[in-house]
Structures are given as C-alpha cells and as structure tokens.
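Below is entry_16.csv, holding CSV, C-alpha atoms and all ligand atoms.
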chain,number,residue,atom,x,y,z
H,1,MET,CA,-73.3,44.3,-6.7
H,2,LEU,CA,-73.2,44.9,-10.5
H,3,LEU,CA,-72.1,41.3,-11.2
H,4,ALA,CA,-75.1,40.1,-9.4
H,5,PHE,CA,-77.4,40.9,-12.2
H,6,LEU,CA,-75.3,41.5,-15.3
H,7,PHE,CA,-74.3,38.5,-17.5
H,8,SER,CA,-72.0,38.4,-20.4
H,9,PHE,CA,-72.2,35.8,-23.1
H,10,ASN,CA,-69.2,35.5,-25.3
H,11,LEU,CA,-67.9,32.3,-26.9
H,12,SER,CA,-64.8,34.0,-28.4
H,13,ALA,CA,-61.5,34.3,-26.6
H,14,MET,CA,-61.9,37.9,-25.6
H,15,SER,CA,-64.7,39.4,-23.7
H,16,LEU,CA,-65.2,42.9,-22.3
H,17,ASP,CA,-66.2,43.9,-18.8
H,18,VAL,CA,-69.5,45.9,-19.0
H,19,ALA,CA,-71.2,48.2,-16.6
H,20,VAL,CA,-74.8,49.6,-17.0
H,21,SER,CA,-76.5,52.5,-15.3
H,22,LEU,CA,-80.0,53.9,-15.3
H,23,ASN,CA,-80.5,57.5,-14.2
H,24,GLY,CA,-77.0,57.6,-12.9
H,25,THR,CA,-77.1,54.5,-10.6
H,26,ASP,CA,-76.6,50.8,-11.0
H,27,GLN,CA,-79.9,50.1,-9.3
H,28,MET,CA,-81.6,49.8,-12.7
H,29,LEU,CA,-84.9,51.2,-11.4
H,30,MET,CA,-87.2,53.7,-13.2
H,31,GLU,CA,-90.7,54.9,-13.6
H,32,ALA,CA,-92.7,53.1,-16.3
H,33,GLY,CA,-93.4,55.4,-19.3
H,34,GLN,CA,-91.0,58.2,-18.0
H,35,PRO,CA,-87.8,59.1,-19.7
H,36,ALA,CA,-84.7,57.4,-18.2
H,37,ASP,CA,-81.0,57.7,-19.1
H,38,LEU,CA,-79.5,54.3,-19.8
H,39,THR,CA,-75.7,53.9,-20.3
H,40,VAL,CA,-73.6,50.9,-21.2
H,41,LYS,CA,-69.9,51.1,-20.7
H,42,TYR,CA,-67.4,48.5,-21.8
H,43,THR,CA,-63.9,48.1,-20.3
H,44,ASN,CA,-61.0,46.1,-21.5
H,45,PRO,CA,-60.3,43.7,-18.6
H,46,ALA,CA,-56.6,43.5,-19.5
H,47,THR,CA,-56.0,47.3,-19.2
H,48,SER,CA,-59.0,48.4,-17.1
H,49,ARG,CA,-59.4,51.2,-19.7
H,50,PRO,CA,-62.6,52.0,-21.5
H,51,PHE,CA,-63.0,49.9,-24.6
H,52,THR,CA,-63.9,52.1,-27.6
H,53,MET,CA,-63.4,50.1,-30.8
H,54,PHE,CA,-66.7,49.0,-32.2
H,55,MET,CA,-67.9,48.3,-35.7
H,56,LYS,CA,-71.4,48.6,-37.1
H,57,MET,CA,-73.3,45.4,-37.3
H,58,HIS,CA,-76.5,45.6,-39.3
H,59,ALA,CA,-76.2,49.3,-39.6
H,60,LYS,CA,-75.9,50.0,-35.9
H,61,LEU,CA,-73.1,50.1,-33.4
H,62,GLN,CA,-75.3,48.6,-30.7
H,63,HIS,CA,-78.5,46.6,-30.8
H,64,MET,CA,-80.7,46.3,-27.7
H,65,VAL,CA,-83.8,44.2,-27.2
H,66,VAL,CA,-86.1,44.9,-24.2
H,67,ILE,CA,-88.6,42.2,-23.3
H,68,SER,CA,-90.9,42.3,-20.3
H,69,ARG,CA,-90.5,39.3,-18.0
H,70,ASP,CA,-94.1,38.2,-18.8
H,71,LEU,CA,-93.1,38.3,-22.6
H,72,THR,CA,-96.0,40.6,-23.4
H,73,HIS,CA,-93.8,43.5,-24.5
H,74,PHE,CA,-90.9,43.8,-26.9
H,75,ALA,CA,-88.8,46.7,-28.1
H,76,HIS,CA,-85.8,46.6,-30.4
H,77,ILE,CA,-83.8,49.8,-29.9
H,78,HIS,CA,-80.3,51.2,-30.6
H,79,PRO,CA,-78.2,53.1,-28.1
H,80,GLU,CA,-75.8,55.7,-29.5
H,81,TRP,CA,-72.1,55.9,-29.0
H,82,ASN,CA,-71.0,59.0,-27.0
H,83,LYS,CA,-67.4,59.8,-28.0
H,84,ARG,CA,-66.9,62.1,-25.0
H,85,SER,CA,-68.1,59.8,-22.3
H,86,ARG,CA,-66.9,56.7,-24.2
H,87,GLN,CA,-70.0,54.8,-23.6
H,88,PHE,CA,-73.3,53.9,-25.3
H,89,GLU,CA,-76.2,56.1,-24.2
H,90,LEU,CA,-80.0,56.1,-24.8
H,91,LYS,CA,-82.9,58.0,-23.2
H,92,LEU,CA,-85.5,55.3,-22.7
H,93,ASN,CA,-89.1,56.3,-23.3
H,94,SER,CA,-88.1,59.4,-25.2
H,95,ALA,CA,-89.2,60.8,-28.6
H,96,THR,CA,-86.8,60.2,-31.5
H,97,THR,CA,-86.5,61.0,-35.1
H,98,ASP,CA,-84.5,57.9,-35.8
H,99,PHE,CA,-86.7,55.6,-37.9
H,100,ASP,CA,-84.7,52.6,-36.5
H,101,ASN,CA,-85.5,53.6,-32.9
H,102,GLN,CA,-89.2,54.0,-33.4
H,103,MET,CA,-89.9,51.6,-30.5
H,104,LEU,CA,-87.9,53.9,-28.1
H,105,PRO,CA,-90.9,56.0,-26.9
H,106,THR,CA,-92.6,52.9,-25.5
H,107,ALA,CA,-89.5,50.9,-24.6
H,108,ILE,CA,-90.5,50.5,-20.9
H,109,PRO,CA,-94.3,51.2,-21.0
H,110,PHE,CA,-95.7,49.6,-17.8
H,111,GLY,CA,-94.7,48.6,-14.3
H,112,GLY,CA,-92.8,45.3,-13.9
H,113,GLU,CA,-89.5,43.6,-14.7
H,114,TYR,CA,-87.8,43.8,-18.0
H,115,MET,CA,-85.0,41.7,-19.5
H,116,VAL,CA,-82.5,43.7,-21.6
H,117,PHE,CA,-80.2,42.0,-24.2
H,118,SER,CA,-77.4,44.0,-25.8
H,119,GLU,CA,-75.1,43.2,-28.7
H,120,VAL,CA,-72.0,45.0,-30.0
H,121,MET,CA,-69.3,44.0,-32.5
H,122,ALA,CA,-66.0,44.8,-30.8
H,123,MET,CA,-62.7,45.1,-32.7
H,124,ASP,CA,-59.5,43.8,-31.2
H,125,GLY,CA,-56.7,44.6,-33.7
H,126,THR,CA,-57.8,42.9,-36.9
H,127,GLU,CA,-60.1,40.5,-35.1
H,128,HIS,CA,-63.6,41.3,-34.2
H,129,PHE,CA,-65.9,39.5,-31.8
H,130,MET,CA,-69.5,39.8,-30.7
H,131,GLN,CA,-70.1,40.8,-27.2
H,132,ALA,CA,-73.5,40.0,-25.8
H,133,ASP,CA,-74.8,41.0,-22.4
H,134,ARG,CA,-78.0,40.9,-20.5
H,135,PHE,CA,-79.4,42.7,-17.5
H,136,MET,CA,-82.7,43.5,-15.8
H,137,ILE,CA,-84.6,46.8,-15.4
H,138,THR,CA,-87.4,47.2,-12.9
H,139,ALA,CA,-90.1,49.8,-13.6
H,140,ASP,CA,-92.5,51.3,-11.1
H,141,GLY,CA,-96.0,51.9,-12.4
H,142,ALA,CA,-99.3,50.3,-13.3
H,143,PRO,CA,-99.0,46.8,-14.7
H,144,THR,CA,-99.9,45.9,-18.3
H,145,ALA,CA,-103.5,45.0,-19.2
H,146,GLN,CA,-102.2,42.5,-21.7
H,147,THR,CA,-102.3,38.8,-20.6
H,148,ALA,CA,-99.3,36.6,-20.9
H,149,ASP,CA,-99.3,33.8,-23.5
H,150,THR,CA,-100.7,30.5,-22.1
H,151,TYR,CA,-101.0,28.7,-25.4
H,152,PHE,CA,-97.8,27.3,-27.0
H,153,PRO,CA,-98.9,25.4,-30.2
H,154,ASP,CA,-96.3,23.1,-31.8
H,155,ALA,CA,-95.2,25.3,-34.8
H,156,SER,CA,-94.2,22.3,-36.9
H,157,MET,CA,-97.8,22.7,-37.9
H,158,PRO,CA,-98.6,26.2,-39.2
H,159,VAL,CA,-99.5,28.8,-36.5
H,160,VAL,CA,-101.4,31.8,-38.0
H,161,LYS,CA,-101.8,35.4,-36.8
H,162,TYR,CA,-103.1,38.5,-38.3
H,163,TYR,CA,-101.7,42.0,-38.1
H,164,ASN,CA,-102.8,45.5,-39.0
H,165,LEU,CA,-100.6,47.9,-40.9
H,166,ASP,CA,-99.9,49.9,-37.8
H,167,GLY,CA,-98.3,46.8,-36.3
H,168,SER,CA,-101.1,46.0,-33.9
H,169,GLU,CA,-102.5,42.5,-33.8
H,170,GLY,CA,-105.6,42.0,-36.0
H,171,VAL,CA,-108.2,39.4,-37.0
H,172,GLU,CA,-108.9,37.5,-40.2
H,173,GLY,CA,-109.4,40.2,-42.9
H,174,SER,CA,-106.6,42.4,-41.4
H,175,ALA,CA,-103.9,43.7,-43.7
H,176,LEU,CA,-101.4,40.9,-43.1
H,177,ARG,CA,-101.7,37.2,-42.3
H,178,ILE,CA,-98.5,35.8,-40.9
H,179,THR,CA,-97.9,32.1,-40.6
H,180,LEU,CA,-95.1,30.5,-38.6
H,181,THR,CA,-93.7,27.0,-39.1
H,182,TYR,CA,-90.4,25.4,-38.4
H,183,ASP,CA,-88.5,22.5,-39.8
H,184,MET,CA,-86.0,20.5,-37.9
H,185,LEU,CA,-82.8,20.0,-40.0
H,186,ASP,CA,-80.5,17.1,-39.5
H,187,PHE,CA,-77.0,18.5,-38.9
H,188,CYS,CA,-75.6,15.1,-38.3
H,189,ASN,CA,-74.7,15.6,-34.7
H,190,ASN,CA,-77.8,17.5,-33.7
H,191,TRP,CA,-81.2,18.7,-34.9
H,192,PHE,CA,-81.4,22.4,-35.6
H,193,PRO,CA,-84.6,24.4,-36.4
H,194,LYS,CA,-85.2,26.6,-39.4
H,195,PHE,CA,-88.1,29.1,-39.0
H,196,TYR,CA,-90.4,30.1,-41.8
H,197,PHE,CA,-92.6,33.1,-41.8
H,198,ASP,CA,-95.2,33.3,-44.6
H,199,MET,CA,-96.4,36.8,-45.2
H,200,ALA,CA,-99.8,37.2,-47.0
H,201,GLU,CA,-101.6,40.5,-47.7
H,202,PHE,CA,-105.4,40.9,-47.9
H,203,VAL,CA,-106.3,41.9,-51.5
H,204,ASP,CA,-109.9,41.8,-52.9
H,205,GLY,CA,-111.2,39.6,-50.2
H,206,LYS,CA,-108.4,37.1,-50.1
H,207,TYR,CA,-104.9,36.6,-48.9
H,208,VAL,CA,-102.1,36.5,-51.5
H,209,ALA,CA,-98.3,36.4,-51.0
H,210,ALA,CA,-97.1,39.8,-49.8
H,211,THR,CA,-94.3,41.2,-51.8
H,212,ASP,CA,-93.8,44.9,-50.9
H,213,PHE,CA,-90.8,44.3,-48.5
H,214,THR,CA,-87.6,46.3,-48.2
H,215,PRO,CA,-84.6,45.5,-46.0
H,216,TRP,CA,-84.5,46.9,-42.5
H,217,LEU,CA,-81.1,47.3,-40.9
H,218,GLU,CA,-79.5,45.6,-43.9
H,219,MET,CA,-81.5,42.4,-43.7
H,220,GLY,CA,-84.9,41.2,-45.0
H,221,GLY,CA,-86.0,40.3,-41.6
H,222,HIS,CA,-84.8,40.3,-38.0
H,223,ALA,CA,-86.0,37.9,-35.3
H,224,VAL,CA,-85.4,37.4,-31.6
H,225,LEU,CA,-86.0,33.9,-30.2
H,226,LEU,CA,-86.4,33.6,-26.4
H,227,SER,CA,-87.1,30.6,-24.3
H,228,ALA,CA,-90.5,31.2,-22.6
H,229,ASP,CA,-89.9,29.4,-19.2
H,230,ASP,CA,-89.6,32.0,-16.4
H,231,VAL,CA,-86.1,31.0,-15.3
H,232,ALA,CA,-83.2,33.2,-14.2
H,233,LEU,CA,-82.1,35.7,-16.8
H,234,LYS,CA,-78.7,33.9,-17.4
H,235,ASP,CA,-80.5,30.7,-18.2
H,236,ARG,CA,-82.8,32.1,-20.8
H,237,ARG,CA,-82.1,31.0,-24.4
H,238,PHE,CA,-81.8,34.2,-26.5
H,239,HIS,CA,-80.9,34.2,-30.2
H,240,HIS,CA,-80.9,36.9,-32.7
H,241,LEU,CA,-81.8,35.4,-36.1
H,242,HIS,CA,-81.9,37.0,-39.6
H,243,ALA,CA,-83.6,36.4,-42.9
H,244,PHE,CA,-83.0,37.6,-46.4
H,245,LEU,CA,-85.8,39.0,-48.4
H,246,PRO,CA,-87.8,36.2,-49.9
H,247,ILE,CA,-86.0,34.6,-52.8
H,248,GLY,CA,-87.6,31.3,-53.8
H,249,THR,CA,-91.2,31.5,-52.5
H,250,PRO,CA,-92.9,34.9,-52.6
H,251,GLY,CA,-93.7,36.2,-49.1
H,252,GLU,CA,-91.7,33.5,-47.4
H,253,PHE,CA,-88.9,34.6,-45.0
H,254,THR,CA,-86.5,31.9,-43.7
H,255,PHE,CA,-84.7,32.3,-40.4
H,256,PRO,CA,-82.1,29.6,-39.9
H,257,TYR,CA,-80.9,29.0,-36.3
H,258,ASP,CA,-77.3,29.6,-37.0
H,259,ASP,CA,-75.8,29.6,-33.5
H,260,HIS,CA,-75.1,25.9,-33.7
H,261,LEU,CA,-73.6,25.7,-30.3
H,262,PRO,CA,-75.2,24.8,-28.0
H,263,PRO,CA,-78.1,23.0,-29.6
H,264,LEU,CA,-81.6,24.4,-28.9
H,265,PRO,CA,-83.6,22.2,-26.5
H,266,ALA,CA,-87.3,21.3,-27.1
H,267,GLY,CA,-89.7,23.5,-25.2
H,268,HIS,CA,-91.7,26.7,-25.1
H,269,TYR,CA,-90.4,29.8,-26.9
H,270,LYS,CA,-91.5,33.2,-28.1
H,271,ILE,CA,-90.2,34.7,-31.3
H,272,TRP,CA,-90.6,38.3,-32.4
H,273,SER,CA,-89.9,38.9,-36.1
H,274,GLN,CA,-89.6,42.3,-37.8
H,275,TYR,CA,-90.0,43.4,-41.4
H,276,LEU,CA,-90.4,46.6,-43.4
H,277,TYR,CA,-93.7,46.2,-45.3
H,278,LYS,CA,-94.9,49.1,-47.4
H,279,GLY,CA,-92.3,51.2,-45.6
H,280,GLN,CA,-93.8,50.4,-42.2
H,281,LEU,CA,-92.0,48.4,-39.5
H,282,VAL,CA,-94.1,45.4,-38.6
H,283,THR,CA,-93.3,43.3,-35.6
H,284,ALA,CA,-95.0,39.9,-35.3
H,285,SER,CA,-94.8,37.8,-32.2
H,286,PHE,CA,-95.6,34.1,-31.8
H,287,ALA,CA,-95.6,31.9,-28.7
H,288,PHE,CA,-95.0,28.3,-29.8
H,289,GLU,CA,-93.6,25.0,-28.8
H,290,MET,CA,-90.6,23.4,-30.5
H,291,GLN,CA,-90.2,19.7,-30.6
H,292,ILE,CA,-87.1,17.6,-31.4
H,293,PRO,CA,-87.6,14.5,-33.5
H,294,THR,CA,-87.6,11.4,-31.4
H,295,PHE,CA,-85.4,9.5,-33.9
H,296,ASP,CA,-81.6,9.8,-34.1
H,297,THR,CA,-79.8,12.2,-36.5
H,298,LYS,CA,-78.3,10.5,-39.5
H,299,CYS,CA,-74.8,10.3,-38.0
H,300,LYS,CA,-75.9,9.0,-34.6
H,301,SER,CA,-78.1,6.4,-36.2
H,302,SER,CA,-75.3,5.1,-38.3
H,303,PHE,CA,-73.2,4.1,-35.3
Q,1,CU,CU,-81.0,46.3,-33.9
As structure tokens, what does this structure read like?
Amino acid sequence: MLLAFLFSFNLSAMSLDVAVSLNGTDQMLMEAGQPADLTVKYTNPATSRPFTMFMKMHAKLQHMVVISRDLTHFAHIHPEWNKRSRQFELKLNSATTDFDNQMLPTAIPFGGEYMVFSEVMAMDGTEHFMQADRFMITADGAPTAQTADTYFPDASMPVVKYYNLDGSEGVEGSALRITLTYDMLDFCNNWFPKFYFDMAEFVDGKYVAATDFTPWLEMGGHAVLLSADDVALKDRRFHHLHAFLPIGTPGEFTFPYDDHLPPLPAGHYKIWSQYLYKGQLVTASFAFEMQIPTFDTKCKSSF
C-alpha cells in the first residue's frame, strides 16, 4: 500500500526504505488548516533496522517542501529528529518559534492534493548520500481562491514580479521588484540552465539594486524548481537549487542547475526562490517556460 504512493530518488549506491504517516496512519489524509502529525521513518534495507545517522545539510537534518498540486501553494519546512522514536516528526499547521519553520502554520492551508518532497543527508560509515523522497497528502476542506498559473513566459527574456515586504505579491511600486531570467550553458554534451534573480528595492520613487540580504540556512538563496505539467508525482522534475549572496552584480542571485544528470527538458516550470531581505523571509514564485537552443552543443556539433 505504502509503495503505491511513496517514491525514493537516489542516484547513489545506497538508499533507505522510508515510511510516512499522518495522524498515525499511512492514508495521508488530513483536514486543511488543522494540526496534523507527520512522521518520516527511514529503515536500512540491509538490516531492516531504523536508520538513525543523519548529518545537517544547510543547517537542518531534514528539509521538506510542500507544494499544492495546482502549484498555487508552497511551503518549505523542517521536520525534527525524535531520538526516542527514531524518526522525523512535525506537526503540520502548528505554531512554531523556529524562524526557519515560519511557513509551518500554513503548510497545508486549503483542501486539495499536495506533493511533499523530503531530503536528508544520510551517513554510511565515512560516506554520506542524499536521500530524496516524495509522497502525496490529501486535505479535506474548502479549495483555494487562488487561480493556477496559465501564463508561462519564456524566461530567457526577463520576467518581472513585485513583492511586498511581508512576502505577498505586489504591484509596481511595491518594496521589491524581482526579475527572473535564465541562460542556457553549453556543457558540451548537453545544455544546462542557469537562473538569475535580480532583486531591486523601491527607493525614492525608483528601483535600485537591493543589497540588504543575509544568508538563510547557510546560503544566499534557496530555490525549488518543479516541472509544471500535471503528471504523476514520480514523473515530476524536482530540483533544489542554491545561490550565494550576490558577488559580482549587486542584487543578482545566480542559481546554477547543478544536478547534471539527467538533463532538464524544455517545457513549463515553476520556481520558488527564497531570501532573507532586511531580516524577513521573502519567497518569490515564477511560472515560466524554458527552451533549449535548437543548435547543437559545441561537442556534438564538432562530430
Ligand atoms: Cu530547508
């Protein structure tokens, strides 16, 4: 039953078995907006014993991203390790004092289906490997009033959005103007994208490069890239990207696509990127299209 909806993605030699539960069952059903106990338990398939050796990755033992199936809702949260039960635990939709879990109270806010992506760094002797899993949660309750994206502009040309300081989407004149573009880089055998987010702040009637950023979870910026086509969960393209604080160009965050295998196909995507600006967590989301150049990469064209 469990294997019917739980998928592990692991390119390394070792991978763990994983079991998830919500309010004590594997049905993964809950009430939207109501607290619900989520657990994630890892087992060593070789010994059938609980796997307990994890190391922090970007300041947390486990990272979890919750995205509604219609892509209107995103939450980046961090379950906690329970030494006694030897599993990760988190009460969804509960209050928290953890700054890094500030999206927890509204993790599952409305009725519908949610995709959940989890990542841990597991230790096997002196080796470590990333274990990534995904599963669905279904919430009962009123649906969202937000409408799903229908416009996916090619972001090789700049795509502009405005955000307020509280993280809500704004209009021209709002505190932040965020511009997404991507470049396709020729990696000889394939094209790989690099995403750029230009952050500008509204000062004295005009936008200038924003500078007041501090790292969040040990990085200048975090981003989640997800394919937008409504396919089976296991077939979604999901990538967690990272950026340093701007170095060369003020206000410009650069997110390379560094999971070079397999290559990213052209198509519709949504990307959520997160920053600490003036001490506030800002999440910017863009629906966009990515196109692959029609000419060969330099290696292919030299054959
Ligand atoms: Cu995280």
Minimum-distance residue to His240 of chain H, chosen among H:Asp154, H:Glu119, H:Asp100, H:Glu252 (using all atoms listed in the file):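 With all atoms listed in the file as the atom set, the closest residue is H:Glu119.
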Surroundings of ligand CU 1 (chain Q) up to 7 Å, based on all atoms listed in the file, as a PyMOL selection string: chain H and resi 60+62-64+76-78
Closest atom pairs, segment 74-157 of chain H residues within 12 Å of segment 190-205 of chain H, only C-alpha atoms, as CSV:
residue,atom,partner,partner_atom,distance
H:Ala155,CA,H:Phe195,CA,9.1
H:Ser156,CA,H:Phe195,CA,9.4
H:Met157,CA,H:Tyr196,CA,11.2
Point-to-point distance from atom CA of Thr181 of chain H to atom CA of Val160 of chain H, Å rounded to tenths: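 About the pair atom CA of Thr181 of chain H and atom CA of Val160 of chain H: they are 9.1 Å apart.
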Straight-line distance linking atom CA of Pro215 of chain H with atom CA of Pro79 of chain H, stated in Å to one decimal: 20.5 Å
Nearest residue to Pro262 of chain H from the set H:Asn189, H:Ala232, H:Met219, H:Thr294 (distances using only C-alpha atoms):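 Result for the nearest residue to Pro262 of chain H: H:Asn189.
By chain and then residue number, the residues within 10 Å of Gln280 of chain H are Phe99, Leu165, Asp166, Gly167, Phe213, Thr214, Trp216, Tyr275, Leu276, Tyr277 and Thr283 of chain H, counting only C-alpha atoms and disregarding those fewer than 3 positions away in sequence.
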Exercise: Asp235 of chain H partners within 12 Å, all atoms listed in the file, chain neighbours under 4 positions left out, as a PyMOL selection string: chain H and resi 7-9+115+134+226-231
Gap from atom CA of Met123 of chain H to atom CA of Val224 of chain H - Å, one decimal: 24.0 Å
Closest of H:Lys206, H:Val171, H:Thr254, H:Pro153 to Gln291 of chain H - atom-to-atom distances counting only C-alpha atoms: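 Distance minimum relative to Gln291 of chain H lands on H:Pro153.
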Cut-off 7 Å around (-90.7, 26.1, -26.3) with only C-alpha atoms: residues as a VMD selection string: chain H and resid 227 to 228 266 to 269 288 to 290
Residues within 12 Å of (-84.6, 56.7, -12.9), counting only C-alpha atoms, listed as a PyMOL selection string: chain H and resi 21-39+91-93+108+137-140
Which residue of H:Phe238, H:Tyr257, H:Phe117, H:Phe286 approaches Ile271 of chain H most closely, using only C-alpha atoms: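 The answer is H:Phe286, which sits nearest to Ile271 of chain H.
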Could you please fill out segment 16-32 of chain H with N, CA and C atoms and send it back as a PDB file, in the coordinates of the input?
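See selection33.pdb below for the written result:
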ATOM      1  N   LEU H  16     -65.331  41.589 -22.931  1.00  0.00           N
ATOM      2  CA  LEU H  16     -65.200  42.900 -22.300  1.00  0.00           C
ATOM      3  C   LEU H  16     -65.924  42.872 -20.950  1.00  0.00           C
ATOM      4  N   ASP H  17     -65.444  43.677 -20.015  1.00  0.00           N
ATOM      5  CA  ASP H  17     -66.200  43.900 -18.800  1.00  0.00           C
ATOM      6  C   ASP H  17     -67.288  44.982 -19.211  1.00  0.00           C
ATOM      7  N   VAL H  18     -68.435  44.905 -18.595  1.00  0.00           N
ATOM      8  CA  VAL H  18     -69.500  45.900 -19.000  1.00  0.00           C
ATOM      9  C   VAL H  18     -70.175  46.335 -17.684  1.00  0.00           C
ATOM     10  N   ALA H  19     -70.515  47.626 -17.682  1.00  0.00           N
ATOM     11  CA  ALA H  19     -71.200  48.200 -16.600  1.00  0.00           C
ATOM     12  C   ALA H  19     -72.420  48.998 -17.125  1.00  0.00           C
ATOM     13  N   VAL H  20     -73.578  48.834 -16.527  1.00  0.00           N
ATOM     14  CA  VAL H  20     -74.800  49.600 -17.000  1.00  0.00           C
ATOM     15  C   VAL H  20     -75.251  50.480 -15.894  1.00  0.00           C
ATOM     16  N   SER H  21     -75.889  51.575 -16.296  1.00  0.00           N
ATOM     17  CA  SER H  21     -76.500  52.500 -15.300  1.00  0.00           C
ATOM     18  C   SER H  21     -77.816  52.986 -15.849  1.00  0.00           C
ATOM     19  N   LEU H  22     -78.694  53.327 -14.928  1.00  0.00           N
ATOM     20  CA  LEU H  22     -80.000  53.900 -15.300  1.00  0.00           C
ATOM     21  C   LEU H  22     -80.206  55.105 -14.391  1.00  0.00           C
ATOM     22  N   ASN H  23     -80.393  56.261 -14.997  1.00  0.00           N
ATOM     23  CA  ASN H  23     -80.500  57.500 -14.200  1.00  0.00           C
ATOM     24  C   ASN H  23     -79.382  57.687 -13.243  1.00  0.00           C
ATOM     25  N   GLY H  24     -78.188  57.282 -13.680  1.00  0.00           N
ATOM     26  CA  GLY H  24     -77.000  57.600 -12.900  1.00  0.00           C
ATOM     27  C   GLY H  24     -76.640  56.576 -11.810  1.00  0.00           C
ATOM     28  N   THR H  25     -77.430  55.524 -11.637  1.00  0.00           N
ATOM     29  CA  THR H  25     -77.100  54.500 -10.600  1.00  0.00           C
ATOM     30  C   THR H  25     -77.136  53.133 -11.235  1.00  0.00           C
ATOM     31  N   ASP H  26     -76.556  52.170 -10.513  1.00  0.00           N
ATOM     32  CA  ASP H  26     -76.600  50.800 -11.000  1.00  0.00           C
ATOM     33  C   ASP H  26     -77.790  50.030 -10.449  1.00  0.00           C
ATOM     34  N   GLN H  27     -78.747  50.743  -9.863  1.00  0.00           N
ATOM     35  CA  GLN H  27     -79.900  50.100  -9.300  1.00  0.00           C
ATOM     36  C   GLN H  27     -80.883  49.583 -10.371  1.00  0.00           C
ATOM     37  N   MET H  28     -80.818  50.218 -11.537  1.00  0.00           N
ATOM     38  CA  MET H  28     -81.600  49.800 -12.700  1.00  0.00           C
ATOM     39  C   MET H  28     -83.137  49.880 -12.385  1.00  0.00           C
ATOM     40  N   LEU H  29     -83.509  50.970 -11.709  1.00  0.00           N
ATOM     41  CA  LEU H  29     -84.900  51.200 -11.400  1.00  0.00           C
ATOM     42  C   LEU H  29     -85.372  52.469 -12.109  1.00  0.00           C
ATOM     43  N   MET H  30     -86.624  52.479 -12.553  1.00  0.00           N
ATOM     44  CA  MET H  30     -87.200  53.700 -13.200  1.00  0.00           C
ATOM     45  C   MET H  30     -88.679  53.672 -13.104  1.00  0.00           C
ATOM     46  N   GLU H  31     -89.259  54.791 -13.557  1.00  0.00           N
ATOM     47  CA  GLU H  31     -90.700  54.900 -13.600  1.00  0.00           C
ATOM     48  C   GLU H  31     -91.163  54.453 -15.004  1.00  0.00           C
ATOM     49  N   ALA H  32     -92.143  53.584 -15.061  1.00  0.00           N
ATOM     50  CA  ALA H  32     -92.700  53.100 -16.300  1.00  0.00           C
ATOM     51  C   ALA H  32     -93.193  54.345 -17.137  1.00  0.00           C
TER      52      ALA H  32
END
